[in-house]
>>> print(open('input.txt').read())   # compact mmCIF, C-alpha atoms
# COMPACT_ATOMS: atom_id res chain seq x y z
CA MET M 1 5.06 -1.78 -9.58
CA SER M 2 7.49 -4.67 -9.87
CA ASN M 3 7.13 -5.31 -6.12
CA PHE M 4 3.48 -6.11 -6.65
CA GLY M 5 3.55 -7.92 -9.97
CA VAL M 6 2.33 -5.08 -12.19
CA SER M 7 4.27 -4.81 -15.42
CA ARG M 8 2.70 -2.35 -17.87
CA LEU M 9 3.57 1.31 -17.45
CA HIS M 10 2.03 3.86 -19.82
CA LEU M 11 3.23 7.43 -19.52
CA VAL M 12 1.68 10.64 -20.79
CA ASN M 13 4.03 13.57 -21.16
CA PRO M 14 6.58 12.38 -18.58
CA TYR M 15 9.28 14.61 -17.20
CA LYS M 16 12.01 13.43 -19.57
CA LEU M 17 14.95 13.79 -17.19
CA ALA M 18 13.32 11.88 -14.32
CA PHE M 19 12.11 9.19 -16.71
CA ARG M 20 15.60 8.71 -18.11
CA ASP M 21 17.02 8.42 -14.57
CA ALA M 22 14.30 5.97 -13.59
CA ARG M 23 15.07 3.71 -16.53
CA SER M 24 18.53 3.18 -15.08
CA ALA M 25 17.24 2.22 -11.57
CA VAL M 26 18.28 -1.15 -10.15
CA GLY M 27 15.75 -4.00 -10.17
CA ALA M 28 13.12 -2.30 -12.28
CA ALA M 29 14.97 -2.24 -15.57
CA GLU M 30 12.66 -4.57 -17.49
CA LEU M 31 9.51 -2.72 -16.50
CA LEU M 32 10.93 0.67 -17.43
CA LYS M 33 12.55 -0.57 -20.61
CA ASN M 34 9.07 -1.69 -21.69
CA ALA M 35 7.32 1.49 -20.53
CA GLU M 36 5.48 3.27 -23.34
CA GLU M 37 4.97 6.98 -23.88
CA PHE M 38 1.70 8.40 -25.21
CA GLU M 39 0.55 11.79 -26.43
CA SER M 40 -2.69 11.81 -24.42
CA VAL M 41 -4.63 9.99 -21.71
CA PRO M 42 -7.19 8.40 -24.10
CA GLN M 43 -4.33 6.94 -26.15
CA ALA M 44 -2.58 5.61 -23.05
CA VAL M 45 -5.67 3.76 -21.78
CA ALA M 46 -7.14 2.79 -25.18
CA ASP M 47 -6.49 -0.95 -24.85
CA CYS M 48 -8.10 -1.21 -21.39
CA SER M 49 -11.77 -1.83 -20.67
CA LEU M 50 -11.86 -0.41 -17.14
CA VAL M 51 -10.21 2.90 -16.29
CA VAL M 52 -9.97 3.91 -12.63
CA GLY M 53 -8.68 7.38 -11.77
CA THR M 54 -7.10 8.24 -8.44
CA THR M 55 -8.00 11.26 -6.35
CA ALA M 56 -7.22 12.85 -3.00
CA ILE M 57 -10.72 14.46 -3.11
CA ARG M 58 -10.05 18.11 -2.51
CA ASP M 59 -12.82 20.59 -2.97
CA ARG M 60 -13.59 19.76 -6.58
CA ALA M 61 -17.08 18.71 -7.54
CA LEU M 62 -16.72 15.11 -8.64
CA ARG M 63 -19.68 13.38 -10.21
CA HIS M 64 -17.89 10.03 -10.44
CA PRO M 65 -18.49 7.22 -8.00
CA ILE M 66 -15.61 7.33 -5.50
CA ARG M 67 -14.46 4.14 -3.81
CA LYS M 68 -11.98 3.83 -0.99
CA LEU M 69 -8.94 1.62 -1.42
CA ASN M 70 -9.48 -0.05 1.96
CA GLU M 71 -13.20 -0.53 1.42
CA ASP M 72 -14.48 -1.94 -1.88
CA GLY M 73 -12.10 -0.05 -4.20
CA ALA M 74 -9.21 -2.52 -4.13
CA ASP M 75 -11.55 -5.55 -4.21
CA ARG M 76 -13.35 -4.28 -7.30
CA ILE M 77 -10.12 -3.61 -9.20
CA ARG M 78 -8.62 -7.00 -8.33
CA SER M 79 -11.86 -8.74 -9.25
CA ALA M 80 -12.13 -6.93 -12.60
CA ALA M 81 -8.47 -7.61 -13.39
CA GLN M 82 -9.18 -11.36 -13.39
CA ALA M 83 -11.10 -10.95 -16.65
CA GLU M 84 -10.20 -7.66 -18.26
CA ARG M 85 -7.42 -5.13 -18.64
CA VAL M 86 -7.66 -2.39 -16.00
CA ALA M 87 -5.89 0.98 -16.14
CA LEU M 88 -5.10 2.74 -12.88
CA LEU M 89 -4.59 6.39 -13.71
CA PHE M 90 -2.43 8.71 -11.60
CA GLY M 91 -2.06 12.45 -12.09
CA SER M 92 1.03 14.55 -11.61
CA GLU M 93 2.10 15.04 -8.01
CA LYS M 94 1.40 18.77 -8.07
CA THR M 95 -2.00 18.96 -9.69
CA GLY M 96 -3.39 15.43 -9.76
CA LEU M 97 -5.79 14.50 -12.56
CA SER M 98 -7.75 17.16 -14.45
CA ASN M 99 -11.49 17.08 -15.08
CA ASP M 100 -10.67 16.12 -18.64
CA ASP M 101 -8.60 13.16 -17.36
CA PHE M 102 -11.47 12.17 -15.06
CA SER M 103 -13.86 12.06 -18.03
CA HIS M 104 -11.91 9.03 -19.28
CA CYS M 105 -12.46 7.15 -16.01
CA HIS M 106 -15.27 4.78 -15.09
CA TRP M 107 -14.89 5.59 -11.40
CA LEU M 108 -12.37 7.01 -8.94
CA LEU M 109 -10.20 5.39 -6.29
CA HIS M 110 -9.32 7.21 -3.07
CA VAL M 111 -6.60 6.38 -0.53
CA PRO M 112 -7.94 7.59 2.82
CA THR M 113 -5.37 9.72 4.61
CA ASP M 114 -5.05 11.78 7.75
CA SER M 115 -6.82 15.12 7.30
CA GLU M 116 -3.57 16.87 8.27
CA ASN M 117 -1.97 15.84 4.98
CA ILE M 118 -4.17 14.46 2.19
CA SER M 119 -1.61 14.94 -0.57
CA MET M 120 0.53 11.88 -1.18
CA ASN M 121 3.86 11.52 -2.90
CA LEU M 122 3.18 9.97 -6.32
CA GLY M 123 5.48 6.96 -5.91
CA GLN M 124 4.07 6.25 -2.46
CA ALA M 125 0.48 6.55 -3.70
CA VAL M 126 1.21 4.03 -6.46
CA ALA M 127 2.89 1.61 -4.00
CA VAL M 128 0.02 1.86 -1.50
CA CYS M 129 -2.64 1.33 -4.19
CA LEU M 130 -0.84 -1.66 -5.74
CA TYR M 131 -0.24 -3.23 -2.31
CA GLY M 132 -3.94 -2.76 -1.49
CA ILE M 133 -5.02 -4.31 -4.77
CA ALA M 134 -2.51 -7.20 -4.59
CA PHE M 135 -4.04 -8.39 -1.31
CA ALA M 136 -7.65 -7.49 -1.99
CA ARG M 137 -10.43 -10.04 -2.10
CA VAL M 138 -11.61 -11.32 -5.45
CA GLU M 139 -15.32 -10.90 -4.93
CA ALA M 140 -17.29 -11.71 -8.01
CA VAL M 141 -16.44 -14.43 -10.48
CA PRO M 142 -16.32 -12.58 -13.81
CA GLU M 143 -18.90 -13.50 -16.41
CA GLN M 144 -17.68 -16.15 -18.82
CA GLY M 145 -17.55 -15.40 -22.51
CA TRP M 146 -18.30 -11.71 -22.14
CA GLU M 147 -15.61 -9.50 -23.62
CA PRO M 148 -15.92 -5.84 -22.65
CA ALA M 149 -15.26 -3.08 -25.17
CA SER M 150 -11.92 -1.32 -24.81
CA VAL M 151 -12.09 2.36 -23.95
CA GLY M 152 -10.26 3.01 -27.22
CA GLU M 153 -13.31 1.66 -29.10
CA LEU M 154 -15.65 3.64 -26.88
CA GLU M 155 -13.66 6.80 -27.57
CA LYS M 156 -14.25 6.34 -31.32
CA ILE M 157 -17.99 6.13 -30.63
CA THR M 158 -17.75 9.18 -28.38
CA GLN M 159 -16.03 11.20 -31.09
CA GLY M 160 -18.54 10.13 -33.76
CA LEU M 161 -21.56 10.72 -31.58
CA TYR M 162 -20.22 14.06 -30.44
CA GLU M 163 -19.67 15.19 -34.02
CA SER M 164 -23.24 14.13 -34.85
CA LEU M 165 -24.57 16.06 -31.90
CA LYS M 166 -22.69 19.20 -32.96
CA THR M 167 -23.70 18.92 -36.60
CA SER M 168 -27.29 18.23 -35.69
CA GLY M 169 -27.42 21.23 -33.38
CA TYR M 170 -27.92 19.24 -30.16
CA VAL M 171 -24.65 20.65 -28.83
CA LYS M 172 -24.71 24.42 -28.75
CA PRO M 173 -21.46 26.25 -29.56
CA GLY M 174 -19.71 27.59 -26.44
CA ASN M 175 -20.88 24.61 -24.40
CA ASP M 176 -18.57 22.22 -26.24
CA LEU M 177 -16.15 21.11 -23.54
CA VAL M 178 -18.76 20.02 -21.04
CA SER M 179 -20.65 18.03 -23.60
CA GLU M 180 -17.76 16.01 -24.96
CA LYS M 181 -16.99 14.81 -21.43
CA LYS M 182 -20.66 14.07 -20.85
CA VAL M 183 -20.90 11.97 -24.00
CA ARG M 184 -17.75 10.09 -22.99
CA GLN M 185 -19.08 9.39 -19.50
CA LEU M 186 -22.35 8.18 -20.99
CA MET M 187 -20.43 5.71 -23.17
CA LEU M 188 -18.38 4.47 -20.18
CA ARG M 189 -21.60 3.88 -18.22
CA PHE M 190 -23.11 1.83 -21.06
CA LYS M 191 -20.86 -1.18 -20.34
CA LEU M 192 -20.85 -2.28 -23.97
CA SER M 193 -19.46 -5.64 -24.99
CA ALA M 194 -16.71 -5.59 -27.62
CA MET M 195 -19.21 -6.92 -30.16
CA ASP M 196 -21.92 -4.36 -29.33
CA ALA M 197 -19.38 -1.54 -29.46
CA LYS M 198 -18.42 -2.59 -32.99
CA VAL M 199 -22.04 -2.61 -34.14
CA PHE M 200 -22.82 0.69 -32.44
CA LEU M 201 -19.71 2.35 -33.89
CA GLY M 202 -20.92 1.30 -37.36
CA MET M 203 -24.28 2.95 -36.71
CA VAL M 204 -22.72 6.16 -35.44
CA ARG M 205 -20.29 6.33 -38.37
CA GLN M 206 -23.14 5.97 -40.84
CA ILE M 207 -24.95 8.87 -39.16
CA VAL M 208 -21.78 10.97 -39.21
CA TRP M 209 -21.33 10.24 -42.92
CA LYS M 210 -24.93 11.20 -43.70
CA LEU M 211 -24.72 14.44 -41.70
CA ARG M 212 -21.48 15.37 -43.48
CA GLN M 213 -23.12 14.74 -46.85
CA GLU M 214 -26.05 17.00 -46.00
CA LYS M 215 -23.74 19.78 -44.84
CA LYS M 216 -22.19 20.02 -48.32
CA MET F 217 4.07 9.48 7.63
CA SER F 218 1.93 12.60 7.79
CA ASN F 219 -0.53 11.00 5.32
CA PHE F 220 -1.26 8.31 7.90
CA GLY F 221 -1.14 10.28 11.13
CA VAL F 222 2.31 9.21 12.31
CA SER F 223 4.32 12.08 13.72
CA ARG F 224 7.53 10.91 15.43
CA LEU F 225 10.55 10.34 13.21
CA HIS F 226 13.79 9.15 14.79
CA LEU F 227 16.82 8.95 12.53
CA VAL F 228 20.09 7.09 13.02
CA ASN F 229 23.01 8.34 10.97
CA PRO F 230 20.89 9.89 8.19
CA TYR F 231 22.39 10.99 4.89
CA LYS F 232 22.77 14.65 5.82
CA LEU F 233 22.17 16.13 2.39
CA ALA F 234 18.94 14.19 1.73
CA PHE F 235 17.70 14.92 5.25
CA ARG F 236 18.29 18.64 4.78
CA ASP F 237 16.41 18.54 1.46
CA ALA F 238 13.56 16.60 3.03
CA ARG F 239 13.16 19.14 5.81
CA SER F 240 12.28 21.71 3.18
CA ALA F 241 9.60 19.54 1.49
CA VAL F 242 6.07 20.92 1.20
CA GLY F 243 3.42 19.64 3.61
CA ALA F 244 5.69 17.67 5.87
CA ALA F 245 7.53 20.58 7.47
CA GLU F 246 6.28 20.06 11.01
CA LEU F 247 7.11 16.34 11.11
CA LEU F 248 10.62 16.88 9.76
CA LYS F 249 11.27 19.92 11.90
CA ASN F 250 10.54 17.72 14.91
CA ALA F 251 12.57 14.74 13.62
CA GLU F 252 15.33 13.70 16.02
CA GLU F 253 18.75 12.31 15.20
CA PHE F 254 20.36 9.56 17.30
CA GLU F 255 23.81 7.98 17.46
CA SER F 256 22.54 4.40 17.53
CA VAL F 257 19.45 2.22 17.13
CA PRO F 258 19.04 1.47 20.88
CA GLN F 259 19.06 5.21 21.61
CA ALA F 260 16.53 5.90 18.87
CA VAL F 261 14.02 3.33 20.17
CA ALA F 262 14.76 3.71 23.90
CA ASP F 263 11.42 5.31 24.82
CA CYS F 264 9.33 2.64 23.06
CA SER F 265 8.12 -0.61 24.58
CA LEU F 266 7.59 -2.53 21.36
CA VAL F 267 10.15 -2.48 18.54
CA VAL F 268 9.21 -4.04 15.21
CA GLY F 269 11.88 -4.38 12.54
CA THR F 270 11.10 -4.62 8.83
CA THR F 271 12.58 -7.17 6.47
CA ALA F 272 12.34 -8.34 2.88
CA ILE F 273 13.48 -11.82 4.08
CA ARG F 274 16.38 -12.64 1.80
CA ASP F 275 18.52 -15.62 2.58
CA ARG F 276 19.51 -14.60 6.08
CA ALA F 277 18.80 -16.88 9.00
CA LEU F 278 16.27 -15.00 11.08
CA ARG F 279 15.32 -16.41 14.44
CA HIS F 280 12.72 -13.71 15.07
CA PRO F 281 9.02 -14.29 14.60
CA ILE F 282 8.13 -12.83 11.20
CA ARG F 283 4.63 -11.51 10.60
CA LYS F 284 3.16 -10.38 7.30
CA LEU F 285 1.72 -6.89 6.99
CA ASN F 286 -1.45 -8.17 5.32
CA GLU F 287 -1.93 -11.02 7.80
CA ASP F 288 -1.60 -10.38 11.54
CA GLY F 289 1.40 -8.00 11.37
CA ALA F 290 -0.51 -4.75 10.87
CA ASP F 291 -3.28 -5.79 13.28
CA ARG F 292 -0.79 -6.50 16.07
CA ILE F 293 0.99 -3.18 15.64
CA ARG F 294 -2.22 -1.19 15.57
CA SER F 295 -3.54 -3.05 18.60
CA ALA F 296 -0.32 -2.51 20.57
CA ALA F 297 -0.20 1.17 19.62
CA GLN F 298 -3.49 1.73 21.48
CA ALA F 299 -1.67 1.22 24.77
CA GLU F 300 2.05 1.60 24.26
CA ARG F 301 4.65 3.36 22.15
CA VAL F 302 5.65 1.26 19.16
CA ALA F 303 8.79 1.78 17.04
CA LEU F 304 8.74 0.61 13.44
CA LEU F 305 12.35 0.21 12.36
CA PHE F 306 13.49 0.52 8.75
CA GLY F 307 16.98 -0.14 7.46
CA SER F 308 18.82 1.65 4.71
CA GLU F 309 17.53 1.00 1.21
CA LYS F 310 20.71 -0.76 0.13
CA THR F 311 21.41 -3.11 3.01
CA GLY F 312 18.27 -3.19 5.15
CA LEU F 313 18.66 -3.83 8.87
CA SER F 314 21.74 -5.61 10.25
CA ASN F 315 21.66 -8.57 12.63
CA ASP F 316 22.68 -6.14 15.36
CA ASP F 317 19.69 -3.93 14.49
CA PHE F 318 17.41 -6.99 14.55
CA SER F 319 18.59 -7.84 18.07
CA HIS F 320 16.78 -4.70 19.27
CA CYS F 321 13.47 -5.88 17.77
CA HIS F 322 10.74 -7.92 19.41
CA TRP F 323 9.63 -9.32 16.06
CA LEU F 324 9.85 -8.56 12.34
CA LEU F 325 7.30 -7.23 9.86
CA HIS F 326 7.33 -8.32 6.23
CA VAL F 327 5.59 -6.74 3.26
CA PRO F 328 4.83 -9.60 0.87
CA THR F 329 5.99 -8.77 -2.65
CA ASP F 330 6.22 -10.41 -6.02
CA SER F 331 9.17 -12.82 -6.12
CA GLU F 332 10.47 -10.94 -9.19
CA ASN F 333 11.36 -7.93 -7.04
CA ILE F 334 11.36 -8.27 -3.26
CA SER F 335 13.39 -5.12 -2.60
CA MET F 336 11.24 -2.07 -1.99
CA ASN F 337 12.07 1.59 -2.21
CA LEU F 338 12.39 2.86 1.38
CA GLY F 339 9.79 5.63 1.12
CA GLN F 340 7.33 3.26 -0.55
CA ALA F 341 7.90 0.56 2.08
CA VAL F 342 7.17 3.10 4.83
CA ALA F 343 4.01 4.31 3.07
CA VAL F 344 2.72 0.78 2.47
CA CYS F 345 3.39 -0.26 6.10
CA LEU F 346 1.74 2.83 7.57
CA TYR F 347 -1.27 2.48 5.26
CA GLY F 348 -1.58 -1.18 6.29
CA ILE F 349 -1.37 -0.32 9.98
CA ALA F 350 -3.73 2.68 9.74
CA PHE F 351 -6.54 0.45 8.44
CA ALA F 352 -5.73 -2.70 10.41
CA ARG F 353 -8.13 -4.24 12.90
CA VAL F 354 -7.66 -3.52 16.58
CA GLU F 355 -7.88 -7.07 17.86
CA ALA F 356 -7.22 -7.26 21.53
CA VAL F 357 -8.27 -4.66 24.07
CA PRO F 358 -5.02 -3.80 25.84
CA GLU F 359 -4.76 -4.70 29.50
CA GLN F 360 -5.71 -1.87 31.80
CA GLY F 361 -3.18 -0.51 34.26
CA TRP F 362 -0.26 -2.48 32.85
CA GLU F 363 2.62 -0.28 31.78
CA PRO F 364 5.26 -2.10 29.74
CA ALA F 365 8.97 -1.43 30.27
CA SER F 366 10.59 0.76 27.63
CA VAL F 367 13.31 -0.91 25.58
CA GLY F 368 15.67 1.76 26.95
CA GLU F 369 15.17 0.31 30.45
CA LEU F 370 15.57 -3.22 29.12
CA GLU F 371 18.81 -2.24 27.40
CA LYS F 372 20.22 -1.12 30.78
CA ILE F 373 19.36 -4.55 32.19
CA THR F 374 20.89 -6.20 29.12
CA GLN F 375 24.14 -4.30 29.56
CA GLY F 376 24.33 -5.07 33.29
CA LEU F 377 23.46 -8.72 32.88
CA TYR F 378 25.91 -9.07 30.00
CA GLU F 379 28.71 -7.55 32.07
CA SER F 380 27.89 -9.96 34.89
CA LEU F 381 27.98 -12.90 32.52
CA LYS F 382 31.35 -11.86 31.15
CA THR F 383 32.85 -11.24 34.56
CA SER F 384 31.46 -14.47 35.93
CA GLY F 385 32.88 -16.46 33.02
CA TYR F 386 29.50 -17.48 31.59
CA VAL F 387 30.33 -15.65 28.35
CA LYS F 388 33.54 -16.95 26.82
CA PRO F 389 35.83 -14.40 25.12
CA GLY F 390 35.59 -14.56 21.32
CA ASN F 391 31.90 -15.39 21.50
CA ASP F 392 30.99 -11.91 22.73
CA LEU F 393 28.93 -10.50 19.88
CA VAL F 394 26.47 -13.36 19.68
CA SER F 395 25.84 -13.41 23.37
CA GLU F 396 25.06 -9.73 23.79
CA LYS F 397 22.36 -10.09 21.14
CA LYS F 398 21.07 -13.23 22.82
CA VAL F 399 20.83 -11.53 26.21
CA ARG F 400 18.99 -8.62 24.61
CA GLN F 401 16.53 -10.91 22.86
CA LEU F 402 15.93 -12.76 26.12
CA MET F 403 15.07 -9.46 27.81
CA LEU F 404 12.70 -8.48 24.98
CA ARG F 405 10.91 -11.82 25.31
CA PHE F 406 10.42 -11.35 29.08
CA LYS F 407 7.66 -8.75 28.59
CA LEU F 408 8.53 -6.96 31.80
CA SER F 409 6.30 -4.29 33.24
CA ALA F 410 7.89 -0.90 33.86
CA MET F 411 7.79 -1.64 37.59
CA ASP F 412 9.34 -5.10 37.30
CA ALA F 413 12.07 -3.76 35.02
CA LYS F 414 12.99 -1.22 37.68
CA VAL F 415 13.21 -3.88 40.38
CA PHE F 416 15.15 -6.27 38.14
CA LEU F 417 17.58 -3.53 37.05
CA GLY F 418 18.29 -2.88 40.75
CA MET F 419 19.08 -6.56 41.27
CA VAL F 420 21.36 -6.72 38.26
CA ARG F 421 23.18 -3.55 39.24
CA GLN F 422 23.85 -4.92 42.69
CA ILE F 423 25.34 -8.06 41.16
CA VAL F 424 27.47 -5.99 38.78
CA TRP F 425 28.72 -3.91 41.71
CA LYS F 426 29.61 -7.01 43.69
CA LEU F 427 31.42 -8.63 40.78
CA ARG F 428 33.41 -5.45 40.17
CA GLN F 429 34.41 -5.35 43.85
CA GLU F 430 35.67 -8.94 43.71
CA LYS F 431 37.66 -8.29 40.54
CA LYS F 432 39.78 -5.66 42.34
>>> encode(input="input.txt", output="structure tokens")
Amino acid sequence: MSNFGVSRLHLVNPYKLAFRDARSAVGAAELLKNAEEFESVPQAVADCSLVVGTTAIRDRALRHPIRKLNEDGADRIRSAAQAERVALLFGSEKTGLSNDDFSHCHWLLHVPTDSENISMNLGQAVAVCLYGIAFARVEAVPEQGWEPASVGELEKITQGLYESLKTSGYVKPGNDLVSEKKVRQLMLRFKLSAMDAKVFLGMVRQIVWKLRQEKK
Amino acid sequence: MSNFGVSRLHLVNPYKLAFRDARSAVGAAELLKNAEEFESVPQAVADCSLVVGTTAIRDRALRHPIRKLNEDGADRIRSAAQAERVALLFGSEKTGLSNDDFSHCHWLLHVPTDSENISMNLGQAVAVCLYGIAFARVEAVPEQGWEPASVGELEKITQGLYESLKTSGYVKPGNDLVSEKKVRQLMLRFKLSAMDAKVFLGMVRQIVWKLRQEKK
């Protein structure tokens, strides 16, 4: 990370021993001293407005747009990072990101590898992605004066809307897990401005309040 | 390495314990099982005809051409690898490559990094370089029917020529180390074909033989 000018590290449930060792590594002290631990993925990415997950694309059914690092993936991330805070999300080395983790991502980044070995070492995957992004082309000049909503704000809307959908009977019991992810993905696709997100959250909260009243 | 389709690993004086651990790593078994250990750098690269060293460019005075991975460095390596065997040489994580190691290189490859931290983790440097090379442009179509000399053959010429220069008084005692490297670099710049190297080695050996005779 420090080799390629990236300074904010957010960790979810890190392996404590390795993390402690890493903090004492030469040359990276500042970055690791400032690293923050979070309870969950949505908390770790809450202050970002673009969340990109990483995947080796095994046999899982991914509905997300997948972009290759060496094609437009790196360019898009570098371009977005000119104007907004971007989170690049990596899973554990053994299992990668879960479908729940993916539901917090706008799209997925893939490092093309030899078919003989598609599974990368985590540290190497991070280095390769950050190198690719550091030297990517900045393609689009970001819109002036447009502030995107953070995913933390969108998650509040997701939770409110989801509660409304359950209370109102739109979401059937037993089908809960799928639907929460679907609502979240819908919100991420909306591309709300910070201002619009605020207004929309107010609307949703009012509906939630009304539905709770009627339940009593 | 296996992520990017590179299969030949030559090691010089590896840290035995780490190497033994690495051999037992998941997914890379074949590559590590076939890894070969060598006594010295020239032995490890002997069967290649292009040797590219890697450097973080600190304050050392490098006379070699230095090419950036994201500029023409990766393109040149990928292009060369279409026709000949290329060695990519990495130093130890702590000290990098020595001046003696550099003398065995045709030119040097540099991964541009943030000025805050120019020193990369070895495994990450390898991954970034191999990713860069795997997706580089093949620029020049290699010449047909031209087989370059291996650096192993060139090293034999270097040794013979160097002995001749010492015996003939061209190389002054006390200035030995510099000159051997200079002779080697001269040979690497010659771009001899395999055939020409054979002929030239014969010439040099004859001279060496004659000089030895006269010494007696």
>>> interface_residues(input="input.txt", of="chain F", to="chain M", cutoff="9 Å", atoms="only C-alpha atoms", output="VMD selection string")
chain F and resid 218 to 221 243 to 244 286 327 to 336 339 to 345 347 to 348 350 to 351
>>> residues_near_point(input="input.txt", point="(16.7, 10.9, 18.2)", cutoff="8 Å", atoms="only C-alpha atoms", output="list in words")
Leu225, His226, Leu227, Val228, Ala251, Glu252, Glu253, Phe254, Glu255, Gln259 and Ala260 of chain F
>>> residues_around(input="input.txt", residues="Leu88 in chain M", least_positions_apart="4", cutoff="8 Å", atoms="all atoms listed in the file", output="list of chain:residue names")
M:Val51, M:Val52, M:Gly53, M:Thr54
>>> closest_residue(input="input.txt", among="F:Ser265, F:Thr271, F:Ser223, F:Thr374", to="Arg301 in chain F", atoms="all atoms listed in the file")
F:Ser265
>>> atom_distance(input="input.txt", atom1="CA of Glu309 in chain F", atom2="CA of Leu402 in chain F")
28.5 Å
>>> atom_distance(input="input.txt", atom1="CA of Gln159 in chain M", atom2="CA of Gln185 in chain M")
12.1 Å
>>> atom_distance(input="input.txt", atom1="CA of Leu325 in chain F", atom2="CA of Ser366 in chain F")
19.8 Å
>>> residues_near_point(input="input.txt", point="(21.8, -4.4, 17.9)", cutoff="10 Å", atoms="only C-alpha atoms", output="ChimeraX atom specification")
/F:256-258,313-321,393,396-397,400-401
>>> residues_around(input="input.txt", residues="Arg283 in chain F", least_positions_apart="6", cutoff="7 Å", atoms="all atoms listed in the file", output="PyMOL selection string")
chain F and resi 289+324-326
